[in-house]
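**Q** Below you will find the structure I want to go over with you.
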Amino acid sequence: MTALTLREVSRVHGQGETAVEALRGVDLAVSAGELVAVMGPSGSGKSTLLNLAGGLDAPTAGHVHVDGTALDSLSRRELAKLRRRSIGYVFQDFNLIPSLTAAENVALPLELDGASVRRARHAARSALDGVGIGDLAERFPDAMSGGQQQRVAIARAVVGDRRLILADEPTGALDTQTGETVLKLLRARCDAGAAGVLVTHDARHAGWADRVIFLRDGRVVDASGPLASVDTLLSEAP
Amino acid sequence: MSIKHGLLALLERGPAYGYQLRSSFEESTGATWPLNIGQVYTTLTRLERDHLVRALPENDQGQRPYTITDAGRAALAVWFSTPVSSTDRPRDELAIKLALALTTPGVNVPDVVQTQRVATIRALQEYTQLKMRANQDDTAWLLILDSMIFRAEAEVRWLDHCEASLVRKAAAASTHSTPVEDGDRVIEPHKVSRR
């Protein structure tokens, strides 16, 4: 099933002579279980693409569908609800709330969505278990390493039953080994059925994706993947 | 790296005959470097001529095992203690190709860069997939995969660098150019220094 579809999506900032075309006629479909990496130099439209996919910004032309729902068909309120329920974000700087514990941070989107505190905390616990830091549930972000904080952020992105994970340079602030752990977690969530979009300029991290698309000046200029099976790879090895 | 030293290293584990050496070789390099049996036998013949290995009597199945000699052990120790020099590796065809692309009329250099980037990223995806599926206790194989991953990554970074340099050069050469990417900053054309 297609979790995210961008059809002929363009985004222009400003008007007239000063207009900047951040994205031009981009088509993209991401299926459940698939991790797609988006690469390109800064200014190529990577973050714009992610903001449009997450409904944080609206295209000036074209349509974005999440889980089969056209985002432009929703009211503000419905859109906010879909964002809370269906989409998880992971950012470079984690964006955890310092005055809340790990478990409270993860439970927050569910509580905002009207879930009972009890149910939200329970879901948060199991999401933290899922990323291997269930024992740190009562810690505050300040008392955690960067890698642990990013795990909390990933748990927050997937808590409840969210099927689309949007990650913007999620390893940017981490050392290579910790960064790899974060990628492994994202990969595992996608293998478990989520759809993932990963914006990165790090080729080694793009290596974890099923497909890599390349943006230049707001256009998709190239793509790599999907990959052949491992058996074919081994038999074709040079 | 030579097949010669690879075989010596394998024989250091104990005597073996040609087919065994071939399969152990492929096992320890994770099949990234398949050998044909002919290469194994020519190399063994050369090693024997140089007194680095010694042939043992044929066994009942007509297989002739080889054993490493003291001279062979010494050669192996020297190999392990000597760093690999870049001149021992094949010349970098990609660097040569890009250098020629720049000076050959009618070649679209950014296209050459992008074609290579897609191919290298694809290789990176494949190595990463192999790494995910690998037995996590097989340290030797995991390190070989990491080596290929890091090399591919370095190549992509170099390609990014080439592209950025070309864009900057083009911007500096033209007065009517659009803003230029420079890492995370956007440089207005009039601010680009001209040399």
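For the structure tokens, the naming scheme is as follows: chains receive sequential letters (A, B, ...) according to their order of presentation, residues are indexed from 1 within each chain, and ligands are indexed from 1 in presentation order.
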Residues of chain A within 6 Å of chain B, counting only C-alpha atoms, what are they? List them as a list in words.
**A** Ser42, Ala203, Arg204, Gly207, Trp208, Ser224 and Ala237 of chain A
**Q** I need the residues of range 45-157 of chain B that end up classed as strand (DSSP E) by DSSP on the backbone, written out as a ChimeraX atom specification.
**A** /B:53-55,66-68
**Q** Restrict the selected residues to C-alpha atoms and save them as a short mmCIF file (atom, residue, chain, number, x, y, z; two decimals), in the first residue's frame.
**A**
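again-v4.cif written:
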```cif
data_model
loop_
_atom_site.label_atom_id
_atom_site.label_comp_id
_atom_site.auth_asym_id
_atom_site.auth_seq_id
_atom_site.Cartn_x
_atom_site.Cartn_y
_atom_site.Cartn_z
CA VAL B 53 55.52 -23.52 0.27
CA ARG B 54 56.30 -27.21 -0.06
CA ALA B 55 54.16 -29.86 -1.78
CA TYR B 66 50.76 -27.86 0.34
CA THR B 67 52.37 -26.68 3.52
CA ILE B 68 53.99 -23.33 4.34
#
```
**Q** Mind checking which residues fall within 12 Å of Leu112 in chain A, counting only C-alpha atoms, ignoring those fewer than 6 positions away in the same chain, and posting them as a list of chain:residue names?
**A** A:Ala80, A:Lys81, A:Arg83, A:Arg84, A:Arg85, A:Glu104, A:Asn105, A:Val106, A:Ala120
**Q** Keeping only C-alpha atoms, write those residues as a tab-separated table (two decimals), in the first residue's frame.
**A**
```tsv
chain	number	residue	atom	x	y	z
A	80	ALA	CA	-3.70	18.51	12.54
A	81	LYS	CA	-5.36	15.27	13.60
A	83	ARG	CA	-0.46	14.76	11.53
A	84	ARG	CA	-0.76	13.59	15.12
A	85	ARG	CA	-2.11	10.16	14.26
A	104	GLU	CA	6.21	11.95	28.88
A	105	ASN	CA	7.80	13.21	25.67
A	106	VAL	CA	6.81	10.03	23.85
A	120	ALA	CA	-0.66	7.09	26.47
```
**Q** Applying 12 Å and only C-alpha atoms, which residues near Met144 in chain A remain after dropping the ones on its own chain fewer than 3 positions away? List them as a PyMOL selection string.
**A** chain A and resi 94+96+98+101-102+133+135-141+147-152
**Q** Take the residues from that selection and write them out as a PDB file, in the first residue's frame, keeping N, CA and C atoms.
**A**
```
ATOM      1  N   PHE A  94      16.609  16.572  17.645  1.00  0.00           N
ATOM      2  CA  PHE A  94      15.735  15.776  18.528  1.00  0.00           C
ATOM      3  C   PHE A  94      14.410  16.464  18.901  1.00  0.00           C
ATOM      4  N   LEU A  96      13.157  17.411  21.756  1.00  0.00           N
ATOM      5  CA  LEU A  96      12.463  16.892  22.933  1.00  0.00           C
ATOM      6  C   LEU A  96      12.155  18.054  23.868  1.00  0.00           C
ATOM      7  N   PRO A  98      12.433  19.651  27.275  1.00  0.00           N
ATOM      8  CA  PRO A  98      13.378  19.390  28.367  1.00  0.00           C
ATOM      9  C   PRO A  98      12.716  19.154  29.723  1.00  0.00           C
ATOM     10  N   THR A 101       9.896  13.984  31.028  1.00  0.00           N
ATOM     11  CA  THR A 101      10.737  12.793  30.977  1.00  0.00           C
ATOM     12  C   THR A 101      10.615  12.163  29.602  1.00  0.00           C
ATOM     13  N   ALA A 102      11.482  11.158  29.361  1.00  0.00           N
ATOM     14  CA  ALA A 102      11.447  10.442  28.086  1.00  0.00           C
ATOM     15  C   ALA A 102      10.039   9.914  27.829  1.00  0.00           C
ATOM     16  N   ILE A 133      15.373   1.452  25.028  1.00  0.00           N
ATOM     17  CA  ILE A 133      15.701   2.266  26.195  1.00  0.00           C
ATOM     18  C   ILE A 133      14.515   2.348  27.165  1.00  0.00           C
ATOM     19  N   ASP A 135      14.377   1.264  30.011  1.00  0.00           N
ATOM     20  CA  ASP A 135      14.862   1.532  31.366  1.00  0.00           C
ATOM     21  C   ASP A 135      15.139   3.018  31.610  1.00  0.00           C
ATOM     22  N   LEU A 136      15.108   3.828  30.544  1.00  0.00           N
ATOM     23  CA  LEU A 136      15.398   5.252  30.717  1.00  0.00           C
ATOM     24  C   LEU A 136      14.122   6.102  30.696  1.00  0.00           C
ATOM     25  N   ALA A 137      12.969   5.432  30.811  1.00  0.00           N
ATOM     26  CA  ALA A 137      11.683   6.115  30.636  1.00  0.00           C
ATOM     27  C   ALA A 137      11.514   7.331  31.540  1.00  0.00           C
ATOM     28  N   GLU A 138      12.049   7.283  32.768  1.00  0.00           N
ATOM     29  CA  GLU A 138      11.822   8.377  33.718  1.00  0.00           C
ATOM     30  C   GLU A 138      12.922   9.435  33.702  1.00  0.00           C
ATOM     31  N   ARG A 139      13.898   9.279  32.801  1.00  0.00           N
ATOM     32  CA  ARG A 139      14.969  10.275  32.698  1.00  0.00           C
ATOM     33  C   ARG A 139      14.499  11.511  31.945  1.00  0.00           C
ATOM     34  N   PHE A 140      15.129  12.638  32.279  1.00  0.00           N
ATOM     35  CA  PHE A 140      14.896  13.858  31.515  1.00  0.00           C
ATOM     36  C   PHE A 140      15.928  13.931  30.389  1.00  0.00           C
ATOM     37  N   PRO A 141      15.597  14.590  29.277  1.00  0.00           N
ATOM     38  CA  PRO A 141      16.513  14.667  28.130  1.00  0.00           C
ATOM     39  C   PRO A 141      17.931  15.105  28.523  1.00  0.00           C
ATOM     40  N   GLY A 147      22.600  10.035  21.471  1.00  0.00           N
ATOM     41  CA  GLY A 147      22.040   8.833  20.856  1.00  0.00           C
ATOM     42  C   GLY A 147      20.773   8.391  21.564  1.00  0.00           C
ATOM     43  N   GLN A 148      20.771   8.502  22.906  1.00  0.00           N
ATOM     44  CA  GLN A 148      19.579   8.109  23.674  1.00  0.00           C
ATOM     45  C   GLN A 148      18.423   9.068  23.387  1.00  0.00           C
ATOM     46  N   GLN A 149      18.751  10.369  23.302  1.00  0.00           N
ATOM     47  CA  GLN A 149      17.697  11.338  23.004  1.00  0.00           C
ATOM     48  C   GLN A 149      17.079  11.075  21.631  1.00  0.00           C
ATOM     49  N   GLN A 150      17.957  10.699  20.661  1.00  0.00           N
ATOM     50  CA  GLN A 150      17.398  10.441  19.345  1.00  0.00           C
ATOM     51  C   GLN A 150      16.528   9.186  19.364  1.00  0.00           C
ATOM     52  N   ARG A 151      16.865   8.234  20.219  1.00  0.00           N
ATOM     53  CA  ARG A 151      15.998   7.058  20.357  1.00  0.00           C
ATOM     54  C   ARG A 151      14.635   7.463  20.899  1.00  0.00           C
ATOM     55  N   VAL A 152      14.652   8.374  21.869  1.00  0.00           N
ATOM     56  CA  VAL A 152      13.382   8.869  22.404  1.00  0.00           C
ATOM     57  C   VAL A 152      12.581   9.523  21.272  1.00  0.00           C
TER      58      VAL A 152
END
```
**Q** Could you tell me, as a PyMOL selection string, which residues of chain B DSSP assigns to alpha helix (DSSP H) when given the backbone?
**A** chain B and resi 3-11+18-28+37-49+70-81+93-103+109-133+139-173
**Q** Measure the distance from CA of Gly18 in chain B to CA of Thr139 in chain B in Å and round it to one decimal.
**A**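 For CA of Gly18 in chain B relative to CA of Thr139 in chain B, the distance reads 25.4 Å.
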